[in-house]
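To be precise, the following lines are final_5.cif, and they hold mmCIF, C-alpha atoms and all ligand atoms.
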data_protein
#
loop_
_atom_site.group_PDB
_atom_site.id
_atom_site.type_symbol
_atom_site.label_atom_id
_atom_site.label_comp_id
_atom_site.auth_asym_id
_atom_site.auth_seq_id
_atom_site.Cartn_x
_atom_site.Cartn_y
_atom_site.Cartn_z
ATOM 1 C CA MET A 56 1.610 32.900 11.079
ATOM 2 C CA THR A 57 3.223 32.611 7.655
ATOM 3 C CA ASP A 58 3.205 29.604 5.303
ATOM 4 C CA SER A 59 6.705 28.694 6.329
ATOM 5 C CA ASP A 60 6.041 28.440 10.043
ATOM 6 C CA GLN A 61 2.914 26.251 9.841
ATOM 7 C CA SER A 62 2.999 23.429 12.315
ATOM 8 C CA GLY A 63 1.632 19.865 11.821
ATOM 9 C CA PRO A 64 2.877 17.123 9.537
ATOM 10 C CA GLY A 65 1.430 18.661 6.333
ATOM 11 C CA ALA A 66 3.801 21.617 6.451
ATOM 12 C CA ALA A 67 6.714 19.205 6.476
ATOM 13 C CA ILE A 68 5.387 16.635 3.956
ATOM 14 C CA ALA A 69 3.820 18.867 1.311
ATOM 15 C CA PRO A 70 4.853 22.477 1.832
ATOM 16 C CA ARG A 71 3.654 23.509 -1.644
ATOM 17 C CA PRO A 72 1.484 21.918 -4.386
ATOM 18 C CA GLY A 73 3.560 19.536 -6.456
ATOM 19 C CA GLU A 74 6.284 19.412 -3.853
ATOM 20 C CA LEU A 75 6.473 16.423 -1.517
ATOM 21 C CA THR A 76 9.389 16.306 0.893
ATOM 22 C CA ARG A 77 8.757 12.741 1.988
ATOM 23 C CA THR A 78 7.263 9.686 0.342
ATOM 24 C CA ILE A 79 3.768 8.770 1.493
ATOM 25 C CA ALA A 80 3.547 4.956 1.551
ATOM 26 C CA LEU A 81 0.138 3.298 1.735
ATOM 27 C CA VAL A 82 0.076 -0.119 3.377
ATOM 28 C CA GLY A 83 -2.719 -2.566 4.141
ATOM 29 C CA MET A 84 -4.602 -5.578 2.897
ATOM 30 C CA MET A 85 -5.476 -6.510 -0.656
ATOM 31 C CA GLY A 86 -8.700 -4.684 -1.459
ATOM 32 C CA ALA A 87 -8.034 -1.799 0.945
ATOM 33 C CA GLY A 88 -7.989 0.651 -1.975
ATOM 34 C CA LYS A 89 -4.283 1.568 -1.814
ATOM 35 C CA THR A 90 -3.984 1.983 -5.590
ATOM 36 C CA THR A 91 -7.251 3.861 -6.167
ATOM 37 C CA ILE A 92 -6.788 6.168 -3.193
ATOM 38 C CA GLY A 93 -3.057 6.579 -3.755
ATOM 39 C CA ARG A 94 -3.577 7.658 -7.350
ATOM 40 C CA LYS A 95 -6.206 10.213 -6.332
ATOM 41 C CA LEU A 96 -4.084 11.525 -3.458
ATOM 42 C CA ALA A 97 -1.097 11.967 -5.768
ATOM 43 C CA SER A 98 -3.222 13.811 -8.283
ATOM 44 C CA ALA A 99 -4.612 16.117 -5.565
ATOM 45 C CA LEU A 100 -1.087 16.888 -4.340
ATOM 46 C CA GLY A 101 0.460 17.206 -7.799
ATOM 47 C CA ALA A 102 2.773 14.323 -6.859
ATOM 48 C CA THR A 103 3.937 11.227 -8.727
ATOM 49 C CA PHE A 104 2.059 8.008 -8.020
ATOM 50 C CA VAL A 105 3.765 4.607 -8.130
ATOM 51 C CA ASP A 106 2.309 1.173 -7.408
ATOM 52 C CA SER A 107 4.990 -1.256 -6.210
ATOM 53 C CA ASP A 108 3.287 -4.290 -7.800
ATOM 54 C CA ARG A 109 3.316 -2.592 -11.212
ATOM 55 C CA GLU A 110 7.008 -1.742 -10.776
ATOM 56 C CA ILE A 111 7.811 -5.375 -9.921
ATOM 57 C CA GLU A 112 5.877 -6.484 -13.006
ATOM 58 C CA LYS A 113 7.809 -4.041 -15.188
ATOM 59 C CA ALA A 114 11.160 -5.132 -13.754
ATOM 60 C CA ALA A 115 10.366 -8.841 -14.203
ATOM 61 C CA ASP A 116 8.371 -8.405 -17.413
ATOM 62 C CA MET A 117 5.819 -10.781 -15.840
ATOM 63 C CA SER A 118 2.535 -10.335 -14.007
ATOM 64 C CA VAL A 119 2.463 -10.798 -10.222
ATOM 65 C CA GLN A 120 0.526 -13.995 -10.821
ATOM 66 C CA GLU A 121 3.177 -15.317 -13.221
ATOM 67 C CA ILE A 122 5.953 -14.477 -10.761
ATOM 68 C CA PHE A 123 4.191 -16.421 -7.994
ATOM 69 C CA GLU A 124 3.527 -19.364 -10.337
ATOM 70 C CA THR A 125 6.931 -19.638 -11.940
ATOM 71 C CA LEU A 126 9.359 -18.244 -9.342
ATOM 72 C CA GLY A 127 7.386 -18.566 -6.100
ATOM 73 C CA GLU A 128 6.415 -16.174 -3.327
ATOM 74 C CA LYS A 129 9.933 -16.012 -1.870
ATOM 75 C CA GLU A 130 11.323 -14.657 -5.117
ATOM 76 C CA PHE A 131 8.388 -12.244 -5.417
ATOM 77 C CA ARG A 132 9.207 -10.907 -1.925
ATOM 78 C CA ARG A 133 12.856 -10.503 -2.891
ATOM 79 C CA GLY A 134 11.870 -8.462 -5.939
ATOM 80 C CA GLU A 135 9.356 -6.483 -3.887
ATOM 81 C CA ARG A 136 12.009 -5.590 -1.339
ATOM 82 C CA ALA A 137 14.453 -4.466 -4.050
ATOM 83 C CA VAL A 138 11.849 -2.400 -5.897
ATOM 84 C CA ILE A 139 10.575 -0.674 -2.750
ATOM 85 C CA LYS A 140 14.131 0.059 -1.622
ATOM 86 C CA ARG A 141 14.873 1.681 -4.982
ATOM 87 C CA LEU A 142 11.661 3.719 -4.889
ATOM 88 C CA LEU A 143 12.241 4.896 -1.309
ATOM 89 C CA LYS A 144 15.710 6.136 -2.205
ATOM 90 C CA GLY A 145 14.377 8.214 -5.100
ATOM 91 C CA ASP A 146 12.390 11.444 -5.120
ATOM 92 C CA PRO A 147 9.349 11.601 -2.815
ATOM 93 C CA ILE A 148 6.225 9.994 -4.310
ATOM 94 C CA VAL A 149 2.878 8.588 -3.279
ATOM 95 C CA LEU A 150 3.556 4.851 -3.109
ATOM 96 C CA ALA A 151 0.938 2.105 -3.005
ATOM 97 C CA THR A 152 2.538 -1.087 -1.717
ATOM 98 C CA GLY A 153 1.399 -4.692 -2.160
ATOM 99 C CA GLY A 154 -0.442 -6.117 0.844
ATOM 100 C CA GLY A 155 2.467 -8.263 2.036
ATOM 101 C CA ALA A 156 5.244 -5.688 1.652
ATOM 102 C CA TYR A 157 4.947 -4.125 5.121
ATOM 103 C CA LEU A 158 5.058 -7.598 6.693
ATOM 104 C CA GLU A 159 8.660 -8.123 5.600
ATOM 105 C CA SER A 160 10.714 -6.647 8.442
ATOM 106 C CA SER A 161 13.471 -5.211 6.246
ATOM 107 C CA THR A 162 10.965 -3.600 3.865
ATOM 108 C CA ARG A 163 8.975 -2.296 6.837
ATOM 109 C CA ASN A 164 12.084 -0.775 8.402
ATOM 110 C CA LEU A 165 12.990 0.914 5.124
ATOM 111 C CA MET A 166 9.498 2.381 4.929
ATOM 112 C CA LYS A 167 9.660 3.559 8.535
ATOM 113 C CA THR A 168 12.963 5.312 7.832
ATOM 114 C CA HIS A 169 12.240 6.811 4.430
ATOM 115 C CA ALA A 170 8.472 7.413 4.304
ATOM 116 C CA ILE A 171 5.364 8.505 6.131
ATOM 117 C CA THR A 172 3.315 5.317 6.329
ATOM 118 C CA VAL A 173 -0.473 5.076 6.282
ATOM 119 C CA TRP A 174 -2.468 1.924 6.998
ATOM 120 C CA MET A 175 -5.518 1.820 4.753
ATOM 121 C CA ASN A 176 -7.853 -0.206 6.936
ATOM 122 C CA ALA A 177 -11.152 -1.723 5.843
ATOM 123 C CA ASP A 178 -13.730 -4.089 7.215
ATOM 124 C CA ILE A 179 -13.339 -7.728 6.143
ATOM 125 C CA ASP A 180 -16.662 -7.676 4.247
ATOM 126 C CA VAL A 181 -15.514 -4.625 2.293
ATOM 127 C CA LEU A 182 -12.150 -6.245 1.534
ATOM 128 C CA TRP A 183 -13.845 -9.442 0.429
ATOM 129 C CA ARG A 184 -16.305 -7.635 -1.829
ATOM 130 C CA ARG A 185 -13.462 -5.795 -3.523
ATOM 131 C CA VAL A 186 -11.058 -8.706 -3.962
ATOM 132 C CA SER A 187 -13.710 -11.108 -5.181
ATOM 133 C CA ARG A 188 -14.339 -8.890 -8.226
ATOM 134 C CA ARG A 189 -11.000 -10.017 -9.711
ATOM 135 C CA SER A 190 -9.131 -13.304 -9.736
ATOM 136 C CA THR A 191 -5.627 -11.887 -10.102
ATOM 137 C CA ARG A 192 -4.383 -12.347 -6.544
ATOM 138 C CA PRO A 193 -2.273 -15.482 -6.247
ATOM 139 C CA LEU A 194 -2.664 -15.833 -2.465
ATOM 140 C CA LEU A 195 -6.422 -16.163 -2.952
ATOM 141 C CA GLN A 196 -6.278 -18.832 -5.671
ATOM 142 C CA GLN A 197 -7.396 -21.456 -3.183
ATOM 143 C CA PRO A 198 -10.595 -23.366 -2.456
ATOM 144 C CA ASN A 199 -11.386 -21.173 0.595
ATOM 145 C CA PRO A 200 -10.261 -17.647 -0.396
ATOM 146 C CA ARG A 201 -12.471 -15.815 2.085
ATOM 147 C CA GLU A 202 -10.982 -17.772 4.994
ATOM 148 C CA VAL A 203 -7.484 -17.031 3.718
ATOM 149 C CA LEU A 204 -8.336 -13.322 3.501
ATOM 150 C CA GLU A 205 -9.727 -13.348 7.050
ATOM 151 C CA ARG A 206 -6.687 -15.152 8.413
ATOM 152 C CA LEU A 207 -4.239 -12.812 6.663
ATOM 153 C CA ASN A 208 -6.213 -9.801 7.895
ATOM 154 C CA GLU A 209 -6.063 -11.005 11.495
ATOM 155 C CA GLU A 210 -2.389 -11.924 11.344
ATOM 156 C CA ARG A 211 -1.343 -8.753 9.593
ATOM 157 C CA SER A 212 -3.431 -6.075 11.314
ATOM 158 C CA PRO A 213 -1.143 -5.730 14.380
ATOM 159 C CA VAL A 214 1.796 -5.127 12.030
ATOM 160 C CA TYR A 215 -0.072 -2.668 9.804
ATOM 161 C CA ALA A 216 -0.966 -0.858 13.040
ATOM 162 C CA GLU A 217 2.701 0.128 13.364
ATOM 163 C CA ALA A 218 2.158 2.597 10.494
ATOM 164 C CA ASP A 219 2.308 6.310 11.333
ATOM 165 C CA PHE A 220 -1.374 6.876 10.505
ATOM 166 C CA VAL A 221 -4.489 4.783 10.012
ATOM 167 C CA VAL A 222 -7.312 5.762 7.665
ATOM 168 C CA GLU A 223 -10.585 3.880 7.253
ATOM 169 C CA SER A 224 -11.250 2.882 3.662
ATOM 170 C CA GLY A 225 -14.912 1.917 3.757
ATOM 171 C CA ASP A 226 -17.635 1.633 1.142
ATOM 172 C CA GLY A 227 -18.153 5.376 0.742
ATOM 173 C CA PRO A 228 -16.891 7.490 -2.185
ATOM 174 C CA ALA A 229 -13.137 7.322 -2.804
ATOM 175 C CA ASP A 230 -12.943 11.128 -2.607
ATOM 176 C CA GLU A 231 -14.084 10.981 1.018
ATOM 177 C CA VAL A 232 -11.285 8.557 1.857
ATOM 178 C CA VAL A 233 -8.813 10.867 0.112
ATOM 179 C CA SER A 234 -10.126 13.786 2.186
ATOM 180 C CA ALA A 235 -9.762 11.757 5.395
ATOM 181 C CA LEU A 236 -6.237 10.847 4.382
ATOM 182 C CA ARG A 237 -5.316 14.458 3.623
ATOM 183 C CA LYS A 238 -6.796 15.525 6.947
ATOM 184 C CA ALA A 239 -4.824 12.882 8.840
ATOM 185 C CA LEU A 240 -1.594 13.889 7.109
ATOM 186 C CA GLY A 241 -2.397 17.584 7.196
ATOM 187 C CA VAL A 242 -1.679 17.987 3.458
HETATM 188 C C1 LIG B 301 -0.208 -9.529 -1.807
HETATM 189 C C2 LIG B 301 -0.940 -8.445 -2.264
HETATM 190 C C3 LIG B 301 -0.939 -8.042 -3.672
HETATM 191 C C4 LIG B 301 0.331 -8.495 -4.378
HETATM 192 C C5 LIG B 301 0.556 -9.976 -4.171
HETATM 193 C C6 LIG B 301 0.675 -10.326 -2.690
HETATM 194 C C7 LIG B 301 -0.261 -9.860 -0.357
HETATM 195 O O1 LIG B 301 -1.044 -6.613 -3.776
HETATM 196 O O2 LIG B 301 1.446 -7.793 -3.925
HETATM 197 O O3 LIG B 301 -0.533 -10.643 -4.747
HETATM 198 O O4 LIG B 301 0.633 -10.591 0.130
HETATM 199 O O5 LIG B 301 -1.208 -9.394 0.316
HETATM 200 P P1 LIG B 301 -2.390 -5.786 -3.439
HETATM 201 O O6 LIG B 301 -2.411 -5.535 -1.960
HETATM 202 O O7 LIG B 301 -2.213 -4.513 -4.203
HETATM 203 O O8 LIG B 301 -3.540 -6.594 -3.910
#
Please rewrite the model in this file as structure tokens.
Ligand code: S3P
Amino acid sequence: MTDSDQSGPGAAIAPRPGELTRTIALVGMMGAGKTTIGRKLASALGATFVDSDREIEKAADMSVQEIFETLGEKEFRRGERAVIKRLLKGDPIVLATGGGAYLESSTRNLMKTHAITVWMNADIDVLWRRVSRRSTRPLLQQPNPREVLERLNEERSPVYAEADFVVESGDGPADEVVSALRKALGV
């Protein structure tokens, strides 16, 4: 068997170091580690890493929190959709998406068409531990943030499960999650 006739998804997604043929989009809840793992995966593959929230912030010249406060969630979702659409039409990248992006049907359909999608799944206690370290997530600026996180996790999990792959993002070292992800994708 030669390099060019390898089977499995890896041969199609990352035939050579630094060369992705398809965007790898990470989806899942806040605190699932999409940014940390995505950045490490991109570095391992010699690919470009982009975080959709950071791109929305750059485009709006406002933080996600400011966008929610001043323009509202609906406007944030509109910007998110536009940014992800633009990114998916560009060169293949490793893309970390905001936790609500895959829930929007048009954004989800774009991702299904233009990317390999991976659900970064984590236990609710792990998610809670991670998100409670920072107070930058507007959806959790409420008196009962843990309940909100639990509810969102339950509502969203069946939709995240539509992703092409699922990888567990537990408490272990990030490098182990990256290895599991590379194994799942075959890259
Ligand atoms: C959101 C998740 C956030 C950010 C915004 C909304 C969500 O991104 O897009 O606060 O709806 O779950 P992270 O998943 O990167 O925290």
Who sits within 10 Å of A:Asn208, only C-alpha atoms, same chain under 3 positions skipped, as a PyMOL selection string: chain A and resi 83-85+154+176-179+182+202-205+211-213+215
Within 9 Å of ligand LIG 301 (chain B), counting all atoms listed in the file, which protein or nucleic acid residues do you find, written as a ChimeraX atom specification? /A:82-90,106-108,119-120,123,128,131-132,135,151-156,158,186,191-195,204,207
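When atom CA of A:Val138 is paired with atom CA of A:Met166, their separation reads 12.1 Å.
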Selected residue, from A:Lys144, A:Lys95, A:Lys167, A:Arg189, that lies nearest to A:Pro228 when counting all atoms listed in the file: A:Lys95
Atom CA of A:Val233 and atom CA of A:Arg94, how far apart in Å?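 Computed distance, atom CA of A:Arg94 to atom CA of A:Val233, equals 9.7 Å.
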For stretch 151-162 of chain A, take all atoms listed in the file, fit an axis-aligned box around them, add 6 Å to each of the six sides, then output centre and edge lengths in Å rounded to one decimal, as lines of an AutoDock Vina configuration file.
center_x = 6.5
center_y = -3.1
center_z = 2.7
size_x = 25.9
size_y = 22.4
size_z = 23.4
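If you measure from each of A:Gly241, A:Gly101, A:Gly225, A:Gly73 to A:Ile171 using all atoms listed in the file, the closest one turns out to be A:Gly241.
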Once the PyMOL selection byres (((chain A and resi 136) around 10) and not hetatm) has been evaluated on this model, what residues remain selected, and can you format them as a list of chain:residue names? A:Ser107, A:Ile111, A:Glu130, A:Phe131, A:Arg132, A:Arg133, A:Gly134, A:Glu135, A:Ala137, A:Val138, A:Ile139, A:Lys140, A:Arg141, A:Leu142, A:Ala156, A:Tyr157, A:Glu159, A:Ser160, A:Ser161, A:Thr162, A:Arg163, A:Leu165
If you keep C-alpha atoms, can you produce a file of those selected residues as a PDB file, in the coordinates of the input?
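Result file is part38.pdb:
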ATOM      1  CA  SER A 107       4.990  -1.256  -6.210  1.00  0.00           C
ATOM      2  CA  ILE A 111       7.811  -5.375  -9.921  1.00  0.00           C
ATOM      3  CA  GLU A 130      11.323 -14.657  -5.117  1.00  0.00           C
ATOM      4  CA  PHE A 131       8.388 -12.244  -5.417  1.00  0.00           C
ATOM      5  CA  ARG A 132       9.207 -10.907  -1.925  1.00  0.00           C
ATOM      6  CA  ARG A 133      12.856 -10.503  -2.891  1.00  0.00           C
ATOM      7  CA  GLY A 134      11.870  -8.462  -5.939  1.00  0.00           C
ATOM      8  CA  GLU A 135       9.356  -6.483  -3.887  1.00  0.00           C
ATOM      9  CA  ALA A 137      14.453  -4.466  -4.050  1.00  0.00           C
ATOM     10  CA  VAL A 138      11.849  -2.400  -5.897  1.00  0.00           C
ATOM     11  CA  ILE A 139      10.575  -0.674  -2.750  1.00  0.00           C
ATOM     12  CA  LYS A 140      14.131   0.059  -1.622  1.00  0.00           C
ATOM     13  CA  ARG A 141      14.873   1.681  -4.982  1.00  0.00           C
ATOM     14  CA  LEU A 142      11.661   3.719  -4.889  1.00  0.00           C
ATOM     15  CA  ALA A 156       5.244  -5.688   1.652  1.00  0.00           C
ATOM     16  CA  TYR A 157       4.947  -4.125   5.121  1.00  0.00           C
ATOM     17  CA  GLU A 159       8.660  -8.123   5.600  1.00  0.00           C
ATOM     18  CA  SER A 160      10.714  -6.647   8.442  1.00  0.00           C
ATOM     19  CA  SER A 161      13.471  -5.211   6.246  1.00  0.00           C
ATOM     20  CA  THR A 162      10.965  -3.600   3.865  1.00  0.00           C
ATOM     21  CA  ARG A 163       8.975  -2.296   6.837  1.00  0.00           C
ATOM     22  CA  LEU A 165      12.990   0.914   5.124  1.00  0.00           C
TER      23      LEU A 165
END
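The nearest approach to A:Val181 among the residues A:Glu112, A:Glu223, A:Glu121, A:Glu231, with all atoms listed in the file taken into account, belongs to A:Glu223.
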Using only C-alpha atoms, the shortest atom-to-atom distance to A:Gly145 among A:Ala97, A:Ala115, A:Leu240, A:Leu75 belongs to A:Leu75
Regenerate stretch 208-219 of chain A at the level of all heavy atoms and dump it as a PDB file, in the coordinates of the input.
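Generated output (rebuild_23.pdb):
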ATOM      1  N   ASN A 208      -5.813 -11.078   7.292  1.00  0.00           N
ATOM      2  CA  ASN A 208      -6.213  -9.801   7.895  1.00  0.00           C
ATOM      3  C   ASN A 208      -5.956  -9.811   9.403  1.00  0.00           C
ATOM      4  O   ASN A 208      -5.430  -8.847   9.959  1.00  0.00           O
ATOM      5  CB  ASN A 208      -7.691  -9.541   7.596  1.00  0.00           C
ATOM      6  CG  ASN A 208      -8.127  -8.140   7.973  1.00  0.00           C
ATOM      7  OD1 ASN A 208      -7.375  -7.183   7.781  1.00  0.00           O
ATOM      8  ND2 ASN A 208      -9.312  -8.013   8.531  1.00  0.00           N
ATOM      9  N   GLU A 209      -6.285 -10.920  10.041  1.00  0.00           N
ATOM     10  CA  GLU A 209      -6.063 -11.005  11.495  1.00  0.00           C
ATOM     11  C   GLU A 209      -4.579 -11.034  11.836  1.00  0.00           C
ATOM     12  O   GLU A 209      -4.132 -10.357  12.754  1.00  0.00           O
ATOM     13  CB  GLU A 209      -6.744 -12.252  12.060  1.00  0.00           C
ATOM     14  CG  GLU A 209      -8.204 -11.985  12.344  1.00  0.00           C
ATOM     15  CD  GLU A 209      -8.953 -13.216  12.800  1.00  0.00           C
ATOM     16  OE1 GLU A 209      -8.321 -14.089  13.434  1.00  0.00           O
ATOM     17  OE2 GLU A 209     -10.160 -13.298  12.502  1.00  0.00           O
ATOM     18  N   GLU A 210      -3.831 -11.821  11.061  1.00  0.00           N
ATOM     19  CA  GLU A 210      -2.389 -11.924  11.344  1.00  0.00           C
ATOM     20  C   GLU A 210      -1.662 -10.597  11.084  1.00  0.00           C
ATOM     21  O   GLU A 210      -0.740 -10.231  11.802  1.00  0.00           O
ATOM     22  CB  GLU A 210      -1.744 -12.951  10.407  1.00  0.00           C
ATOM     23  CG  GLU A 210      -2.017 -14.387  10.780  1.00  0.00           C
ATOM     24  CD  GLU A 210      -1.545 -15.343   9.671  1.00  0.00           C
ATOM     25  OE1 GLU A 210      -0.895 -14.916   8.679  1.00  0.00           O
ATOM     26  OE2 GLU A 210      -1.863 -16.526   9.806  1.00  0.00           O
ATOM     27  N   ARG A 211      -2.096  -9.924  10.024  1.00  0.00           N
ATOM     28  CA  ARG A 211      -1.343  -8.753   9.593  1.00  0.00           C
ATOM     29  C   ARG A 211      -1.727  -7.446  10.293  1.00  0.00           C
ATOM     30  O   ARG A 211      -0.892  -6.532  10.379  1.00  0.00           O
ATOM     31  CB  ARG A 211      -1.531  -8.570   8.081  1.00  0.00           C
ATOM     32  CG  ARG A 211      -0.866  -9.660   7.266  1.00  0.00           C
ATOM     33  CD  ARG A 211      -1.239  -9.526   5.804  1.00  0.00           C
ATOM     34  NE  ARG A 211      -0.457 -10.391   4.936  1.00  0.00           N
ATOM     35  CZ  ARG A 211      -0.481 -10.314   3.618  1.00  0.00           C
ATOM     36  NH1 ARG A 211      -1.270  -9.432   3.033  1.00  0.00           N
ATOM     37  NH2 ARG A 211       0.265 -11.127   2.891  1.00  0.00           N
ATOM     38  N   SER A 212      -2.963  -7.361  10.771  1.00  0.00           N
ATOM     39  CA  SER A 212      -3.431  -6.075  11.314  1.00  0.00           C
ATOM     40  C   SER A 212      -2.516  -5.496  12.396  1.00  0.00           C
ATOM     41  O   SER A 212      -2.228  -4.287  12.374  1.00  0.00           O
ATOM     42  CB  SER A 212      -4.869  -6.190  11.822  1.00  0.00           C
ATOM     43  OG  SER A 212      -5.717  -6.358  10.710  1.00  0.00           O
ATOM     44  N   PRO A 213      -2.022  -6.319  13.357  1.00  0.00           N
ATOM     45  CA  PRO A 213      -1.143  -5.730  14.380  1.00  0.00           C
ATOM     46  C   PRO A 213       0.136  -5.130  13.785  1.00  0.00           C
ATOM     47  O   PRO A 213       0.698  -4.184  14.342  1.00  0.00           O
ATOM     48  CB  PRO A 213      -0.795  -6.914  15.291  1.00  0.00           C
ATOM     49  CG  PRO A 213      -1.790  -7.975  14.988  1.00  0.00           C
ATOM     50  CD  PRO A 213      -2.243  -7.752  13.577  1.00  0.00           C
ATOM     51  N   VAL A 214       0.583  -5.668  12.664  1.00  0.00           N
ATOM     52  CA  VAL A 214       1.796  -5.127  12.030  1.00  0.00           C
ATOM     53  C   VAL A 214       1.446  -3.850  11.249  1.00  0.00           C
ATOM     54  O   VAL A 214       2.144  -2.833  11.370  1.00  0.00           O
ATOM     55  CB  VAL A 214       2.461  -6.180  11.107  1.00  0.00           C
ATOM     56  CG1 VAL A 214       3.763  -5.630  10.528  1.00  0.00           C
ATOM     57  CG2 VAL A 214       2.702  -7.479  11.861  1.00  0.00           C
ATOM     58  N   TYR A 215       0.357  -3.892  10.512  1.00  0.00           N
ATOM     59  CA  TYR A 215      -0.072  -2.668   9.804  1.00  0.00           C
ATOM     60  C   TYR A 215      -0.264  -1.524  10.805  1.00  0.00           C
ATOM     61  O   TYR A 215      -0.034  -0.357  10.485  1.00  0.00           O
ATOM     62  CB  TYR A 215      -1.398  -2.897   9.069  1.00  0.00           C
ATOM     63  CG  TYR A 215      -1.388  -3.847   7.901  1.00  0.00           C
ATOM     64  CD1 TYR A 215      -2.479  -4.694   7.659  1.00  0.00           C
ATOM     65  CD2 TYR A 215      -0.328  -3.885   6.998  1.00  0.00           C
ATOM     66  CE1 TYR A 215      -2.517  -5.549   6.580  1.00  0.00           C
ATOM     67  CE2 TYR A 215      -0.350  -4.753   5.910  1.00  0.00           C
ATOM     68  CZ  TYR A 215      -1.453  -5.575   5.703  1.00  0.00           C
ATOM     69  OH  TYR A 215      -1.498  -6.427   4.618  1.00  0.00           O
ATOM     70  N   ALA A 216      -0.694  -1.883  12.017  1.00  0.00           N
ATOM     71  CA  ALA A 216      -0.966  -0.858  13.040  1.00  0.00           C
ATOM     72  C   ALA A 216       0.293  -0.109  13.471  1.00  0.00           C
ATOM     73  O   ALA A 216       0.202   0.914  14.145  1.00  0.00           O
ATOM     74  CB  ALA A 216      -1.655  -1.491  14.252  1.00  0.00           C
ATOM     75  N   GLU A 217       1.459  -0.604  13.061  1.00  0.00           N
ATOM     76  CA  GLU A 217       2.701   0.128  13.364  1.00  0.00           C
ATOM     77  C   GLU A 217       2.885   1.351  12.457  1.00  0.00           C
ATOM     78  O   GLU A 217       3.792   2.154  12.663  1.00  0.00           O
ATOM     79  CB  GLU A 217       3.924  -0.794  13.178  1.00  0.00           C
ATOM     80  CG  GLU A 217       4.019  -1.892  14.219  1.00  0.00           C
ATOM     81  CD  GLU A 217       5.230  -2.795  13.976  1.00  0.00           C
ATOM     82  OE1 GLU A 217       6.239  -2.337  13.399  1.00  0.00           O
ATOM     83  OE2 GLU A 217       5.156  -3.973  14.366  1.00  0.00           O
ATOM     84  N   ALA A 218       2.029   1.458  11.420  1.00  0.00           N
ATOM     85  CA  ALA A 218       2.158   2.597  10.494  1.00  0.00           C
ATOM     86  C   ALA A 218       1.943   3.914  11.252  1.00  0.00           C
ATOM     87  O   ALA A 218       1.339   3.934  12.327  1.00  0.00           O
ATOM     88  CB  ALA A 218       1.138   2.461   9.362  1.00  0.00           C
ATOM     89  N   ASP A 219       2.413   5.012  10.661  1.00  0.00           N
ATOM     90  CA  ASP A 219       2.308   6.310  11.333  1.00  0.00           C
ATOM     91  C   ASP A 219       0.858   6.773  11.487  1.00  0.00           C
ATOM     92  O   ASP A 219       0.508   7.440  12.454  1.00  0.00           O
ATOM     93  CB  ASP A 219       3.074   7.380  10.520  1.00  0.00           C
ATOM     94  CG  ASP A 219       4.552   7.058  10.409  1.00  0.00           C
ATOM     95  OD1 ASP A 219       5.147   6.721  11.442  1.00  0.00           O
ATOM     96  OD2 ASP A 219       5.106   7.133   9.289  1.00  0.00           O
TER      97      ASP A 219
END
